[in-house]
Amino acid sequence: MSILQTNNMQGSLRGGAAAPRLDKRLRMVANLLRHNRKLIDVGTDHGYLPAFMVIMGYSPCAAATDINPGPLENARATIEKYGIADRVSLILSDGLDNVPPDGEEIVMAGMGGELMCEIIGRAPWLKDSGKALVLQPMTKAEELRKYLADNGFVIEKETAVRDGSHAYLALRAVYSGETKNVSKAYFYIGELLSGEISDDIIFYTEKLLSRIKHKADALNNTEDFKEEAKELYEIYDEISEKLQVSLRDFNK
Ligand SMILES: C[S@@+](CC[C@H](N)C(=O)[O-])C[C@H]1O[C@@H](n2cnc3c(N)ncnc32)[C@H](O)[C@@H]1O
């Protein structure tokens, strides 16, 4: 049973302790995490994710980190409310700079993809065996995927959820040391259409396609950017084709 399902009945598991209610976006992130591993939540703010994972017994312990004291105080309030200070440590840190490299599941959620690249680049221990990244970029997912591919990380899984009119993406990556030869379209769609698809994944992909088309059209109107526009139209076509194939399988 996935956390997407169990979150609706939280409180009835593991001795009845209440846990923070995660929204769809954070439940998606929780679903990508391996159980029984120490979690590090970078840029935690309210600390809901580490609190949820620890209270439900999915993670034995966690570090909740943030660059700003205010958000870290929010996390402290959550941790005190649920009485889990013995299992969740709070660390004031820019990225992973002050965080001991003892976590195995490293989450960055609700941040821009470019910031994630900077944070990963400053923490070479993320390449150690047993470490995994669970990333939920709000912007620039294509730059994040490129960075991961260029730096020897392989994407194991991607997924997306729809919450109202918003669509969110999350991915799980580990270091393999290999660099994959991929098309430019891969940086935009990654592994999202490689596994089982869902209405939410279709919704995310359609939004992505309209964003790409919008940008390509805007560039195409300017003489100097025709080449860039052409490249984006090609990316658009490649992803559209992939989506059509996935839709055929989905509707079977
Ligand atoms: C939008 S909140 C996301 C909170 C939570 N992770 C979530 O997904 O709901 C982004 C958080 O990242 C923190 N942040 C921004 N830059 C950071 C950095 N370089 N290192 C650590 N935390 C950072 C902010 O202070 C803020 O609390």
# chains A, B, ... in the order shown; residues from 1 in each chain; ligands from 1
>>> select_by_dssp(residues="stretch 15-46 of chain A", states="alpha helix (DSSP H)", output="list in words")
Lys24, Arg25, Leu26, Arg27, Met28, Val29, Ala30 and Asn31 of chain A
>>> select_by_dssp(residues="stretch 143-222 of chain A", states="strand (DSSP E or B)", output="NGL selection string")
:A and (153-163 or 166-175)
>>> residues_around(residues="A:Val161", least_positions_apart="6", cutoff="10 Å", atoms="only C-alpha atoms", output="list in words")
Lys24, Arg25, Leu26, Arg27, Met28, Ala167, Tyr168, Leu169, Ala170, Ser198, Asp199, Asp200, Ile201, Ile202, Phe203 and Tyr204 of chain A
>>> residues_around(residues="stretch 20-22 of chain A", least_positions_apart="2", cutoff="9 Å", atoms="only C-alpha atoms", output="JSON, numbers by chain")
{"A": [7, 8, 10, 18, 24, 25, 26, 27, 30, 48, 49, 51, 52, 55, 78, 82]}
>>> closest_atom_pairs(of="chain A", to="ligand 1", cutoff="8 Å", atoms="only C-alpha atoms and all ligand atoms", output="tab-separated table")
residue	atom	partner	partner_atom_place_in_ligand_line	distance
A:Arg25	CA	ligand 1	8 (O)	7.8
A:Leu26	CA	ligand 1	8 (O)	6.5
A:Asp41	CA	ligand 1	6 (N)	7.0
A:Val42	CA	ligand 1	21 (C)	5.5
A:Gly43	CA	ligand 1	22 (N)	3.5
A:Thr44	CA	ligand 1	6 (N)	4.2
A:Asp45	CA	ligand 1	27 (O)	3.8
A:His46	CA	ligand 1	4 (C)	6.6
A:Gly47	CA	ligand 1	5 (C)	7.1
A:Tyr48	CA	ligand 1	9 (O)	7.6
A:Leu49	CA	ligand 1	5 (C)	7.7
A:Thr65	CA	ligand 1	21 (C)	6.4
A:Asp66	CA	ligand 1	22 (N)	3.9
A:Ile67	CA	ligand 1	21 (C)	4.1
A:Asn68	CA	ligand 1	25 (O)	4.8
A:Pro69	CA	ligand 1	25 (O)	7.9
A:Gly70	CA	ligand 1	25 (O)	7.7
A:Pro71	CA	ligand 1	27 (O)	4.9
A:Leu72	CA	ligand 1	27 (O)	7.4
A:Leu92	CA	ligand 1	21 (C)	7.9
A:Ser93	CA	ligand 1	21 (C)	5.9
A:Asp94	CA	ligand 1	20 (N)	3.8
A:Gly95	CA	ligand 1	20 (N)	3.5
A:Leu96	CA	ligand 1	20 (N)	7.1
A:Met108	CA	ligand 1	6 (N)	6.2
A:Ala109	CA	ligand 1	8 (O)	4.0
A:Gly110	CA	ligand 1	8 (O)	3.8
A:Met111	CA	ligand 1	10 (C)	5.4
A:Leu115	CA	ligand 1	19 (N)	6.8
A:Ile119	CA	ligand 1	19 (N)	6.8
A:Gln136	CA	ligand 1	8 (O)	7.5
>>> closest_residue(among="A:Ala229, A:Leu133, A:Val154, A:Ala19", to="A:Lys81", atoms="only C-alpha atoms")
A:Ala19
>>> residues_around(residues="A:His35", least_positions_apart="3", cutoff="10 Å", atoms="only C-alpha atoms", output="ChimeraX atom specification")
/A:30-32,38-39,53-54,57-60,105
>>> residues_around(residues="A:Ala123", least_positions_apart="2", cutoff="10 Å", atoms="only C-alpha atoms", output="ChimeraX atom specification")
/A:95-97,99,101,118-121,125-127
>>> closest_atom_pairs(of="stretch 134-228 of chain A", to="stretch 239-243 of chain A", cutoff="8 Å", atoms="only C-alpha atoms", output="Markdown table")
| residue | atom | partner | partner_atom | distance |
| --- | --- | --- | --- | --- |
| A:Ala185 | CA | A:Ile239 | CA | 6.7 |
| A:Ile189 | CA | A:Ile239 | CA | 7.1 |
| A:Leu193 | CA | A:Leu243 | CA | 7.1 |
| A:Ile202 | CA | A:Leu243 | CA | 7.7 |
| A:Thr205 | CA | A:Leu243 | CA | 7.6 |
| A:Leu209 | CA | A:Ser240 | CA | 7.3 |
>>> write_last_selection(atoms="C-alpha atoms", output="short mmCIF file (atom, residue, chain, number, x, y, z; two decimals), in the first residue's frame")
data_model
loop_
_atom_site.label_atom_id
_atom_site.label_comp_id
_atom_site.auth_asym_id
_atom_site.auth_seq_id
_atom_site.Cartn_x
_atom_site.Cartn_y
_atom_site.Cartn_z
CA ALA A 185 14.15 16.22 -24.97
CA ILE A 189 10.78 14.79 -19.74
CA LEU A 193 6.78 8.56 -19.34
CA ILE A 202 -0.58 13.14 -18.42
CA THR A 205 3.15 16.43 -19.49
CA LEU A 209 4.25 20.73 -23.66
#
